[in-house]
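Take a look at the structure set out below.
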Amino acid sequence: MEIVLGKTAGFCYGVERAVEGAIEQITNAKEPICCLGEIVHNKQVIQKLENLGIKCIETIEEAEGIVLIRAHGIPKEVYDIAKKMDIKIQDFTCPNVLKVQRIADKFSKDGYFIFLLGAKSHPENIATLSHCGRDYYIFEKEEELPKAMEMFEKINKKKLLLISQTTYSLERFHRIEEKLQKEIEKDIDFVVKNTICQTTELRQKETEELSKKVDVMIIIGGKNSSNTKKLYEIAKRNCKNTRLIENAHELDMPENIDKIGIMAGASTPKESIEEVISFFRQNETEVNA
C-alpha cells in the first residue's frame with residue numbers, strides 16, 4: 001500500500017507564527033496569558049495551549065494580563081476598547097489577513113461598495129467587515145450573487161470591489177468573478193483583488209491533483225476549519241472515498257486499497273499528520289503479518 005502525503009499539508013506560515021508566538025509568550029510569562037477566541041481552528045492545538053496555561057476568552061472585557069490576538073484577526077473596534085482599558089496585546093493576526101483588511105479600508109474610503117466572499121460567521125470575515133465601512137455585502141455561494149447585485153444597485157454607486165476570505169475556494173472565486181464581469185454595466189468601476197493567500201491556492205490545487213490519483217483520500221483538520229472543509233469538498237469531487245477527520249482515532253483500515261492520499265488543513269499540527277500515517281503503517285503490517 002502506498003501512502004502519499006501532500007507537500008503543502010499542515011501549518012501555514014500565519015498559523016505557525018501564531019502558535020509559536022503563543023508558546024513563546026506563555027513560556028516567558030510573568031502575568032496571565034489569554035487568547036481572544038481560539039488562536040486557530042484546531043482542537044488539538046487549542047488543548048495544547050490550554051495545557052500550557054493559555055486561557056481562551058470570548059470578549060476583550062474578560063482580559064487578564066496579556067491578550068493574544070488570533071491568526072484570524074479581530075474587528076478594529078476591539079483594539080479601541082483594549083486601548084481604553086489599557087490592555088496589553090500581542091497581535092498574531094496573519095499578515096495575509098491584515099493585507100485584506102488594508103485593501104478593504106482603502107477602497108471603502110475611496111467610495112467603493114465591497115463584495116466580500118466568505119462565511120458570514122467566520123472570525124476573519126467579521127474582522128474584515130469592520131474595515132468595509134457601511135456599503136458591503138458578504139456572501140459565500142454563487143446562488144447569492146443576485147441578492148448581492150440587488151444590494152449594490154440599490155446603493156446606486158459606480159464603484160465595486162471584489163475581495164474574499166484568505167481561505168476561500170479559488171475555483172469559486174473565479175466563477176463569481178466571471179459572472180460579475182458579464183453582469184456589471186460598463187460605466188461601473190469594477191476592481192477585483194484576489195485575496196486568497198498563496199498557500200491556500202497551492203494546497204487546493206495539490207488536493208485537486210492528488211485526489212484524482214488515489215483510492216482513498218484523507219483530509220485532516222478541524223471540523224470547524226473553513227480551509228479544511230474546502231479541501232474536503234475538492235477531494236470528494238474526484239475521490240468518492242474521501243474522509244474528513246480531526247485525528248487518527250476516527251480512522252479504520254480500508255480493505256483492498258493500493259494508494260492512500262493524505263492532505264491536512266492549515267491549522268493541522270504535524271503530530272496529527274504523523275499519527276495518521278503511523279496508523280496506516282501499523283495496520284498494514286498487522287494485515288500482512
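Residue names in the C-alpha cells use chain letters A, B, ... in the order shown, residue numbers from 1 in each chain, and ligand numbers from 1 in the order shown.
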Which of region 27-177 of chain A fall in strand (DSSP E or B), as number ranges by chain: A: 33-36, 55-57, 66-69, 88-91, 113-117, 136-139, 159-164
What would the file look like if the residues just selected were written as a compact mmCIF listing (two decimals), in the first residue's frame with N, CA, C and O atoms?
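Just written: part-v8.txt:
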# COMPACT_ATOMS: atom_id res chain seq x y z
N ILE A 33 -1.82 34.90 30.66
CA ILE A 33 -1.91 35.00 29.20
C ILE A 33 -3.26 34.45 28.77
O ILE A 33 -3.64 33.33 29.15
N CYS A 34 -3.99 35.22 27.98
CA CYS A 34 -5.26 34.72 27.44
C CYS A 34 -5.32 35.03 25.95
O CYS A 34 -4.59 35.88 25.44
N CYS A 35 -6.17 34.31 25.26
CA CYS A 35 -6.33 34.49 23.82
C CYS A 35 -7.77 34.87 23.52
O CYS A 35 -8.70 34.22 24.03
N LEU A 36 -7.96 35.90 22.73
CA LEU A 36 -9.30 36.34 22.37
C LEU A 36 -9.84 35.44 21.26
O LEU A 36 -9.50 35.60 20.08
N LYS A 55 -5.44 30.79 28.50
CA LYS A 55 -6.90 30.74 28.66
C LYS A 55 -7.58 31.42 27.47
O LYS A 55 -7.19 32.52 27.07
N CYS A 56 -8.59 30.76 26.90
CA CYS A 56 -9.37 31.37 25.80
C CYS A 56 -10.50 32.20 26.40
O CYS A 56 -11.22 31.73 27.29
N ILE A 57 -10.67 33.42 25.91
CA ILE A 57 -11.78 34.27 26.34
C ILE A 57 -12.61 34.65 25.12
O ILE A 57 -12.14 34.60 23.99
N ILE A 66 -1.89 39.62 29.59
CA ILE A 66 -1.64 39.86 28.18
C ILE A 66 -2.67 39.12 27.32
O ILE A 66 -2.98 37.95 27.58
N VAL A 67 -3.18 39.81 26.30
CA VAL A 67 -4.16 39.20 25.40
C VAL A 67 -3.51 38.91 24.04
O VAL A 67 -2.94 39.80 23.42
N LEU A 68 -3.62 37.66 23.60
CA LEU A 68 -3.12 37.27 22.29
C LEU A 68 -4.23 37.44 21.27
O LEU A 68 -5.37 37.05 21.51
N ILE A 69 -3.91 38.02 20.12
CA ILE A 69 -4.87 38.15 19.02
C ILE A 69 -4.63 37.02 18.04
O ILE A 69 -3.53 36.81 17.57
N LYS A 88 -2.80 45.01 27.55
CA LYS A 88 -1.62 44.67 26.75
C LYS A 88 -2.00 43.64 25.69
O LYS A 88 -2.66 42.64 26.00
N ILE A 89 -1.56 43.88 24.46
CA ILE A 89 -1.92 42.99 23.35
C ILE A 89 -0.66 42.49 22.64
O ILE A 89 0.29 43.24 22.43
N GLN A 90 -0.67 41.22 22.31
CA GLN A 90 0.32 40.64 21.40
C GLN A 90 -0.46 40.18 20.17
O GLN A 90 -1.27 39.26 20.25
N ASP A 91 -0.22 40.83 19.06
CA ASP A 91 -1.05 40.61 17.87
C ASP A 91 -0.43 39.59 16.93
O ASP A 91 0.64 39.81 16.36
N PHE A 113 -18.29 50.16 -3.11
CA PHE A 113 -19.12 49.13 -2.49
C PHE A 113 -18.28 47.86 -2.51
O PHE A 113 -17.59 47.59 -3.50
N ILE A 114 -18.33 47.07 -1.44
CA ILE A 114 -17.45 45.90 -1.35
C ILE A 114 -18.24 44.60 -1.29
O ILE A 114 -19.13 44.44 -0.46
N PHE A 115 -17.88 43.68 -2.19
CA PHE A 115 -18.36 42.30 -2.11
C PHE A 115 -17.25 41.48 -1.45
O PHE A 115 -16.12 41.43 -1.95
N LEU A 116 -17.57 40.89 -0.30
CA LEU A 116 -16.62 40.03 0.40
C LEU A 116 -17.11 38.59 0.30
O LEU A 116 -18.20 38.27 0.77
N LEU A 117 -16.33 37.73 -0.33
CA LEU A 117 -16.70 36.33 -0.49
C LEU A 117 -16.19 35.52 0.69
O LEU A 117 -14.99 35.51 0.97
N TYR A 136 -21.37 47.29 1.97
CA TYR A 136 -20.76 45.99 1.65
C TYR A 136 -21.83 44.91 1.63
O TYR A 136 -22.95 45.10 2.15
N TYR A 137 -21.46 43.78 1.05
CA TYR A 137 -22.32 42.60 1.11
C TYR A 137 -21.41 41.38 1.16
O TYR A 137 -20.49 41.26 0.34
N ILE A 138 -21.64 40.51 2.13
CA ILE A 138 -20.83 39.31 2.26
C ILE A 138 -21.67 38.09 1.87
O ILE A 138 -22.81 37.96 2.29
N PHE A 139 -21.10 37.25 1.03
CA PHE A 139 -21.81 36.02 0.65
C PHE A 139 -20.80 34.95 0.27
O PHE A 139 -19.63 35.23 0.01
N LYS A 159 -18.83 52.28 -8.15
CA LYS A 159 -17.56 51.62 -7.84
C LYS A 159 -17.83 50.33 -7.06
O LYS A 159 -18.60 50.34 -6.10
N LEU A 160 -17.17 49.25 -7.49
CA LEU A 160 -17.38 47.96 -6.83
C LEU A 160 -16.05 47.22 -6.69
O LEU A 160 -15.28 47.12 -7.65
N LEU A 161 -15.80 46.71 -5.50
CA LEU A 161 -14.59 45.93 -5.22
C LEU A 161 -14.98 44.51 -4.86
O LEU A 161 -15.90 44.29 -4.07
N LEU A 162 -14.27 43.54 -5.43
CA LEU A 162 -14.47 42.13 -5.10
C LEU A 162 -13.22 41.61 -4.38
O LEU A 162 -12.12 41.65 -4.93
N ILE A 163 -13.41 41.13 -3.13
CA ILE A 163 -12.33 40.51 -2.36
C ILE A 163 -12.88 39.24 -1.72
O ILE A 163 -14.07 38.93 -1.86
N SER A 164 -12.02 38.51 -1.03
CA SER A 164 -12.50 37.28 -0.40
C SER A 164 -11.74 36.96 0.87
O SER A 164 -10.67 37.52 1.15
Top pick for closest residue to Ala9 (chain A), considering A:Ile234, A:Ala266, A:Ala63, A:Leu251 and counting only C-alpha atoms: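 Between A:Ile234, A:Ala266, A:Ala63, A:Leu251, the residue approaching Ala9 (chain A) most closely is A:Ala266.
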Give me, as a compact mmCIF listing (two decimals) with N, CA and C atoms, in the first residue's frame, all polymer residues having an atom no more than 7 Å from Val15 (chain A), counting only C-alpha atoms and skipping those fewer than 2 positions away in the same chain.
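Result went into selection_32.txt, see below:
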# COMPACT_ATOMS: atom_id res chain seq x y z
N PHE A 11 0.57 23.11 8.93
CA PHE A 11 0.62 24.53 9.28
C PHE A 11 1.06 25.42 8.13
N CYS A 12 0.30 26.50 7.91
CA CYS A 12 0.75 27.55 7.00
C CYS A 12 1.58 28.55 7.82
N TYR A 13 2.15 29.52 7.15
CA TYR A 13 3.01 30.49 7.82
C TYR A 13 2.27 31.24 8.93
N ARG A 17 3.22 30.98 12.85
CA ARG A 17 3.63 32.21 13.52
C ARG A 17 2.80 32.45 14.78
N ALA A 18 1.49 32.24 14.69
CA ALA A 18 0.61 32.47 15.84
C ALA A 18 0.84 31.46 16.96
N VAL A 19 0.95 30.18 16.59
CA VAL A 19 1.13 29.13 17.60
C VAL A 19 2.49 29.25 18.29
N VAL A 40 -6.32 29.35 16.58
CA VAL A 40 -6.53 28.72 15.27
C VAL A 40 -7.68 27.73 15.42
N ALA A 71 -4.85 34.32 14.77
CA ALA A 71 -4.44 34.47 13.36
C ALA A 71 -5.54 35.07 12.49
N ALA A 266 -4.61 24.04 7.09
CA ALA A 266 -3.57 24.99 7.50
C ALA A 266 -3.37 25.06 9.00
N SER A 267 -4.34 24.56 9.79
CA SER A 267 -4.23 24.61 11.25
C SER A 267 -3.93 23.25 11.85
Best match for closeness to Cys132 (chain A) among A:Lys147, A:Arg102, A:Lys179, A:Arg70, counting only C-alpha atoms: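 Result for the nearest residue to Cys132 (chain A): A:Arg102.
Proximity ranking of A:Asn28, A:Ile3, A:Val216, A:Asp189 relative to Phe280 (chain A) places A:Ile3 first, based on only C-alpha atoms.
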Backbone-only DSSP, helix (DSSP H, G or I) members of region 25-210 of chain A, as a PyMOL selection string: chain A and resi 25-27+43-52+60-62+76-84+95-109+123-129+142-155+170-183+198-210
Dump of C-alpha atoms for the selected residues, as a compact mmCIF listing (two decimals), in the first residue's frame:
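What landed in again14.txt:
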# COMPACT_ATOMS: atom_id res chain seq x y z
CA GLN A 25 4.55 34.21 25.34
CA ILE A 26 3.44 31.62 27.90
CA THR A 27 6.99 30.31 28.30
CA LYS A 43 -8.90 21.28 18.91
CA GLN A 44 -5.53 19.60 19.40
CA VAL A 45 -3.66 22.90 19.14
CA ILE A 46 -6.09 24.66 21.49
CA GLN A 47 -5.83 21.84 24.03
CA LYS A 48 -2.03 22.01 23.93
CA LEU A 49 -2.05 25.77 24.56
CA GLU A 50 -4.61 25.45 27.36
CA ASN A 51 -2.45 22.77 28.99
CA LEU A 52 0.43 25.25 28.91
CA ILE A 60 -11.93 41.67 25.43
CA GLU A 61 -13.65 42.71 28.67
CA GLU A 62 -12.69 39.31 30.17
CA LYS A 76 -10.88 47.22 14.66
CA GLU A 77 -13.24 48.50 17.35
CA VAL A 78 -11.92 45.80 19.72
CA TYR A 79 -8.47 47.42 19.50
CA ASP A 80 -10.09 50.70 20.60
CA ILE A 81 -11.69 49.00 23.62
CA ALA A 82 -8.39 47.38 24.55
CA LYS A 83 -6.64 50.74 24.36
CA LYS A 84 -9.22 52.41 26.58
CA PRO A 95 -0.13 39.09 7.57
CA ASN A 96 -2.34 37.90 4.69
CA VAL A 97 -5.45 38.74 6.73
CA LEU A 98 -4.05 42.17 7.55
CA LYS A 99 -3.49 42.71 3.81
CA VAL A 100 -7.20 42.06 3.11
CA GLN A 101 -8.14 44.49 5.87
CA ARG A 102 -5.91 47.21 4.42
CA ILE A 103 -7.42 46.72 0.96
CA ALA A 104 -10.96 46.88 2.35
CA ASP A 105 -10.15 50.00 4.35
CA LYS A 106 -8.55 51.82 1.40
CA PHE A 107 -11.30 51.05 -1.12
CA SER A 108 -14.06 51.77 1.38
CA LYS A 109 -12.59 55.24 1.98
CA PRO A 123 -13.95 35.40 12.60
CA GLU A 124 -11.64 36.51 9.79
CA ASN A 125 -14.55 37.98 7.86
CA ILE A 126 -16.08 39.59 10.94
CA ALA A 127 -12.74 41.37 11.38
CA THR A 128 -12.51 42.35 7.70
CA LEU A 129 -16.05 43.74 7.63
CA GLU A 142 -22.91 31.79 -6.44
CA GLU A 143 -26.62 31.43 -5.72
CA GLU A 144 -26.39 34.54 -3.54
CA LEU A 145 -25.00 36.71 -6.33
CA PRO A 146 -28.40 38.11 -7.49
CA LYS A 147 -29.11 39.32 -3.94
CA ALA A 148 -25.63 40.87 -3.77
CA MET A 149 -26.21 42.69 -7.08
CA GLU A 150 -29.61 43.88 -5.86
CA MET A 151 -27.97 45.43 -2.80
CA PHE A 152 -25.24 47.05 -4.91
CA GLU A 153 -27.72 48.53 -7.38
CA LYS A 154 -29.92 49.85 -4.57
CA ILE A 155 -26.99 51.86 -3.17
CA LEU A 170 -10.10 29.66 -5.71
CA GLU A 171 -12.36 27.92 -8.24
CA ARG A 172 -15.49 29.54 -6.81
CA PHE A 173 -13.81 32.96 -6.68
CA HIS A 174 -13.06 32.84 -10.41
CA ARG A 175 -16.59 31.64 -11.25
CA ILE A 176 -18.16 34.55 -9.37
CA GLU A 177 -15.66 36.98 -10.88
CA GLU A 178 -16.56 35.80 -14.41
CA LYS A 179 -20.28 36.17 -13.73
CA LEU A 180 -19.79 39.67 -12.40
CA GLN A 181 -17.68 40.68 -15.41
CA LYS A 182 -20.63 39.74 -17.63
CA GLU A 183 -23.35 41.34 -15.48
CA GLN A 198 -0.90 31.69 -2.00
CA THR A 199 -0.58 28.79 0.43
CA THR A 200 -4.33 28.19 0.19
CA GLU A 201 -4.17 28.24 -3.62
CA LEU A 202 -1.30 25.74 -3.70
CA ARG A 203 -2.96 23.46 -1.15
CA GLN A 204 -6.25 23.44 -3.06
CA LYS A 205 -4.51 22.73 -6.37
CA GLU A 206 -2.44 19.92 -4.86
CA THR A 207 -5.55 18.39 -3.26
CA GLU A 208 -7.28 18.50 -6.65
CA GLU A 209 -4.44 16.62 -8.35
CA LEU A 210 -3.74 14.15 -5.56
Distance in Å - CA of Ala248 (chain A) versus CA of Val276 (chain A): 4.8 Å
Nearest to Ser211 (chain A), chosen from A:Ser121, A:Gln282, A:Thr242, A:Thr8, with only C-alpha atoms counted in the distances: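 Checking each of A:Ser121, A:Gln282, A:Thr242, A:Thr8 against Ser211 (chain A), counting only C-alpha atoms, the winner is A:Thr242.
With only C-alpha atoms taken into account, the protein and nucleic acid residues at most 10 Å from Ser272 (chain A) (excluding it and anything under 5 positions from it in its own chain) are Gly10, Gln44, Val45, Ile220, Gly221, Glu246, Asn247, Ala248, Ala264, Ile277 and Ser278 of chain A.
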Close residues, His41 (chain A) itself excluded, 9 Å, only C-alpha atoms, min 6 positions apart in chain, as a ChimeraX atom specification: /A:221-226,267-268
Atomic distance CA of Ile39 (chain A) - CA of Leu244 (chain A), expressed in Å with one decimal: 21.3 Å
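Across A:Glu58, A:Asp258, A:Glu233, A:Glu20, the tightest approach to Gly37 (chain A) is made by A:Glu58 when counting only C-alpha atoms.
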Exercise: Lys259 (chain A) partners within 9 Å, only C-alpha atoms, chain neighbours under 5 positions left out, as a PyMOL selection string: chain A and resi 1-4+213-217
Would you save the residues of that selection, restricted to N, CA and C atoms, as a short mmCIF file (atom, residue, chain, number, x, y, z; two decimals), in the first residue's frame?
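Below is the file that was written, out.cif:
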data_model
loop_
_atom_site.label_atom_id
_atom_site.label_comp_id
_atom_site.auth_asym_id
_atom_site.auth_seq_id
_atom_site.Cartn_x
_atom_site.Cartn_y
_atom_site.Cartn_z
N MET A 1 0.84 -1.20 0.00
CA MET A 1 0.00 0.00 0.00
C MET A 1 0.88 1.26 0.00
N GLU A 2 0.57 2.18 -0.88
CA GLU A 2 1.34 3.42 -0.97
C GLU A 2 0.60 4.55 -0.28
N ILE A 3 1.32 5.30 0.53
CA ILE A 3 0.75 6.47 1.21
C ILE A 3 1.42 7.72 0.64
N VAL A 4 0.61 8.64 0.14
CA VAL A 4 1.13 9.88 -0.44
C VAL A 4 0.67 11.06 0.39
N LYS A 213 -5.67 10.64 -8.09
CA LYS A 213 -4.71 9.56 -8.29
C LYS A 213 -4.75 8.47 -7.21
N VAL A 214 -5.66 8.61 -6.24
CA VAL A 214 -5.66 7.68 -5.10
C VAL A 214 -7.00 6.96 -4.97
N ASP A 215 -6.98 5.86 -4.20
CA ASP A 215 -8.20 5.09 -3.93
C ASP A 215 -8.95 5.65 -2.73
N VAL A 216 -8.22 6.18 -1.77
CA VAL A 216 -8.79 6.79 -0.57
C VAL A 216 -8.10 8.12 -0.33
N MET A 217 -8.87 9.13 0.04
CA MET A 217 -8.30 10.44 0.35
C MET A 217 -8.67 10.81 1.78
#
One-decimal distance in Å that lies between CA of Leu231 (chain A) and CA of Arg243 (chain A):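 Distance reported for this atom pair: 10.6 Å.
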